Amino acid sequence: MTHHLPAGRAPAGPYAVDVNPGNAGWGHSSLRVLRLPPGGTHTFDTGDSEWIVLPLSGGCTVAAADDFGHDTFELTGRTGVFDGVTDFAYVPRDARATVTSAGGGRFALTGARCTRRLPARYGPASGVPVELRGTGNCSRQVNNFGAAGVFECDRLIAVEVLTPGGNWSSFPPHKHDEHRPGEESVLEEIYYFEFAGHDGIPGLGYQRVSPSGPGRGTDVLAEVRDGDVVLIPDGWHGPSMAVPGHHMYYLNVMAGPEPERAWLICDHPDHAWIRDTWPDRPVDPRLPLYTAPERSA
């Protein structure tokens with residue numbers, strides 16, 4: 001398996017990125033990035049997976065139809081991933097989804113194979129918890145739109161992470177590749193990257209994944225740029241490093257075989273101590289890059 005997929009290496013049909021259990025060589029997690037021109041539309045069958053449609057740039061209408069009925073959701077979206085929290089739509093398995101965009105845009109379809117069929121739903125931007133994680137040069141912002149305990153899914157876990165230029169995130173390195181009840185859960189993970197440019201110069205960063213034990217040997221040290229994907233079936237992942245002057249965004253998609261939908265991680269024993277230093281240091285003053293909008297009365 002190739003774990004680093006530079007932009008343009010994983011397209012299929014209308015998708016700029018198409019990662020699925022078949023081509024990733026695993027059992028659960030999927031990510032598609034759909035580009036639509038103004039007035040564009042795309043229809044897909046959800047099959048055995050649940051999906052969240054998340055605008056990366058632009059807005060859209062999401063229609064979901066199955067034997068139980070039809071739902072339509074208007075997504076306001078956003079200008080780009082560095083500009084604001086977005087609303088989103090959940091589409092269940094065994095349905096047909098249609099994404100239509102009057103103004104055009106780019107839309108992430110985050111998916112996971114699942115067994116339960118949940119109802120189609122709208123997720124308002126105002127309901128997305130924005131978390132500041134870490135302090136000092138480990139500070140980052142997490143938009144927990146599809147986190148466990150925040151938005152109900154059967155298997156899918158998805159969040160956005162924004163790291164100011166010069167900072168490290170996914171640090172200390174951590175893993176979730178062993179079944180240890182109450183301590184660690186087995187989750188396949190996808191990282192999808194975008195970067196803030198400066199004066200027309202594109203941004204970049206670096207991603208590390210290292211083996212965590214026998215049979216868990218994923219080993220990646222990659223320079224990552226706009227549209228790159230890193231697949232993490234196992235191993236210690238982190239740090240994710242944003243070069244100075246360029247903020248880094250990544251979308252995390254996770255799913256696995258565990259009966260409980262939970263993000264349970266184990267820190268690398270050589271670096272776990274760094275968490276103990278966080279209470280003594282301030283959060284990077286550049287954060288949050290933005291907050292979720294207020295709930296309407």
# chains A, B, ... in the order shown; residues from 1 in each chain; ligands from 1
$ select_by_dssp --residues "region 148-286 of chain A" --states "strand (DSSP E)" --output "VMD selection string"
chain A and resid 157 to 163 168 to 169 174 to 175 188 to 195 205 to 210 220 to 224 229 to 232 236 to 242 248 to 255 266 to 267
$ residues_around --residues "region 6-12 of chain A" --least-positions-apart "5" --cutoff "6 Å" --atoms "only C-alpha atoms" --output "number ranges by chain"
A: 17-18, 227-228
$ write_last_selection --atoms "C-alpha atoms" --output "CSV table (one decimal), in the first residue's frame"
chain,number,residue,atom,x,y,z
A,17,VAL,CA,-9.6,12.3,-4.4
A,18,ASP,CA,-11.3,8.9,-4.1
A,227,GLY,CA,-4.7,18.1,-2.0
A,228,ASP,CA,-2.3,15.5,-0.6
$ residues_around --residues "Ala63 (chain A)" --least-positions-apart "3" --cutoff "10 Å" --atoms "only C-alpha atoms" --output "list in words"
Thr43, Cys60, His70, Asp71, Thr72, Phe73, Glu74, Ala89, Val91, Arg96, Ala97, Thr98, Val99, Thr100 and Ala120 of chain A
$ closest_atom_pairs --of "region 187-272 of chain A" --to "region 132-156 of chain A" --cutoff "10 Å" --atoms "only C-alpha atoms" --output "tab-separated table"
residue	atom	partner	partner_atom	distance
A:Leu187	CA	A:Arg155	CA	9.8
A:Pro239	CA	A:Cys138	CA	9.5
A:Met241	CA	A:Cys138	CA	9.6
A:Met248	CA	A:Arg140	CA	9.6
A:Tyr249	CA	A:Gln141	CA	9.5
A:Tyr250	CA	A:Val142	CA	9.7
A:Leu251	CA	A:Asn143	CA	9.5
A:Asn252	CA	A:Gly146	CA	9.8
A:Val253	CA	A:Leu156	CA	7.4
A:Met254	CA	A:Leu156	CA	6.1
A:Ala255	CA	A:Leu156	CA	5.2
A:Gly256	CA	A:Arg155	CA	7.0
A:Pro257	CA	A:Arg155	CA	8.2
A:Glu258	CA	A:Arg155	CA	8.5
A:Pro259	CA	A:Arg155	CA	8.7
A:Glu260	CA	A:Arg155	CA	8.3
A:Arg261	CA	A:Arg155	CA	5.8
A:Ala262	CA	A:Ala148	CA	5.8
A:Trp263	CA	A:Ala148	CA	6.9
$ residues_around --residues "Leu264 (chain A)" --least-positions-apart "6" --cutoff "8 Å" --atoms "only C-alpha atoms" --output "PDB file with C-alpha atoms, in the first residue's frame"
ATOM      1  CA  HIS A 176      -5.158   3.702  17.680  1.00  0.00           C
ATOM      2  CA  GLY A 182     -11.404   1.633  27.612  1.00  0.00           C
ATOM      3  CA  GLU A 183      -7.860   2.569  26.544  1.00  0.00           C
ATOM      4  CA  GLU A 184      -7.393   2.274  22.783  1.00  0.00           C
ATOM      5  CA  SER A 185      -9.644   1.624  19.796  1.00  0.00           C
TER       6      SER A 185
END
$ closest_residue --among "A:Val209, A:Ala242, A:Leu31, A:Val159" --to "Ile190 (chain A)" --atoms "only C-alpha atoms"
A:Leu31
$ closest_residue --among "A:Val62, A:Ala24, A:Ala112, A:Leu118" --to "Val229 (chain A)" --atoms "only C-alpha atoms"
A:Ala24
$ select_by_dssp --residues "region 12-210 of chain A" --states "helix (DSSP H, G or I)" --output "ChimeraX atom specification"
/A:21-24,125-127,136-138
$ residues_around --residues "Val81 (chain A)" --least-positions-apart "2" --cutoff "8 Å" --atoms "only C-alpha atoms" --output "PyMOL selection string"
chain A and resi 56-57+78-79+83-85+249
$ write_last_selection --atoms "N, CA and C atoms" --output "mmCIF file, in the first residue's frame"
data_model
loop_
_atom_site.group_PDB
_atom_site.id
_atom_site.type_symbol
_atom_site.label_atom_id
_atom_site.label_comp_id
_atom_site.auth_asym_id
_atom_site.auth_seq_id
_atom_site.Cartn_x
_atom_site.Cartn_y
_atom_site.Cartn_z
ATOM 1 N N LEU A 56 -15.850 22.260 1.439
ATOM 2 C CA LEU A 56 -14.510 22.817 1.621
ATOM 3 C C LEU A 56 -14.472 24.257 1.121
ATOM 4 N N SER A 57 -15.134 24.504 0.006
ATOM 5 C CA SER A 57 -15.332 25.862 -0.504
ATOM 6 C C SER A 57 -16.629 25.870 -1.300
ATOM 7 N N ARG A 78 -18.852 27.730 2.868
ATOM 8 C CA ARG A 78 -17.879 28.747 3.269
ATOM 9 C C ARG A 78 -16.992 29.075 2.069
ATOM 10 N N THR A 79 -16.233 30.152 2.195
ATOM 11 C CA THR A 79 -15.318 30.540 1.126
ATOM 12 C C THR A 79 -14.159 29.563 1.018
ATOM 13 N N ASP A 83 -11.518 30.040 6.451
ATOM 14 C CA ASP A 83 -12.404 31.198 6.581
ATOM 15 C C ASP A 83 -13.566 30.998 7.537
ATOM 16 N N GLY A 84 -13.885 29.785 7.932
ATOM 17 C CA GLY A 84 -15.003 29.616 8.843
ATOM 18 C C GLY A 84 -15.434 28.178 9.001
ATOM 19 N N VAL A 85 -16.204 27.946 10.060
ATOM 20 C CA VAL A 85 -16.863 26.660 10.272
ATOM 21 C C VAL A 85 -17.990 26.528 9.254
ATOM 22 N N TYR A 249 -4.204 22.960 7.157
ATOM 23 C CA TYR A 249 -5.514 22.357 7.421
ATOM 24 C C TYR A 249 -5.413 20.886 7.086
#
$ atom_distance --atom1 "CA of Ala95 (chain A)" --atom2 "CA of Asp66 (chain A)"
4.7 Å
$ residues_around --residues "Gly58 (chain A)" --least-positions-apart "3" --cutoff "10 Å" --atoms "only C-alpha atoms" --output "ChimeraX atom specification"
/A:36,38,55,75-80,86,101-107
$ atom_distance --atom1 "CA of Phe82 (chain A)" --atom2 "CA of Asp234 (chain A)"
28.8 Å
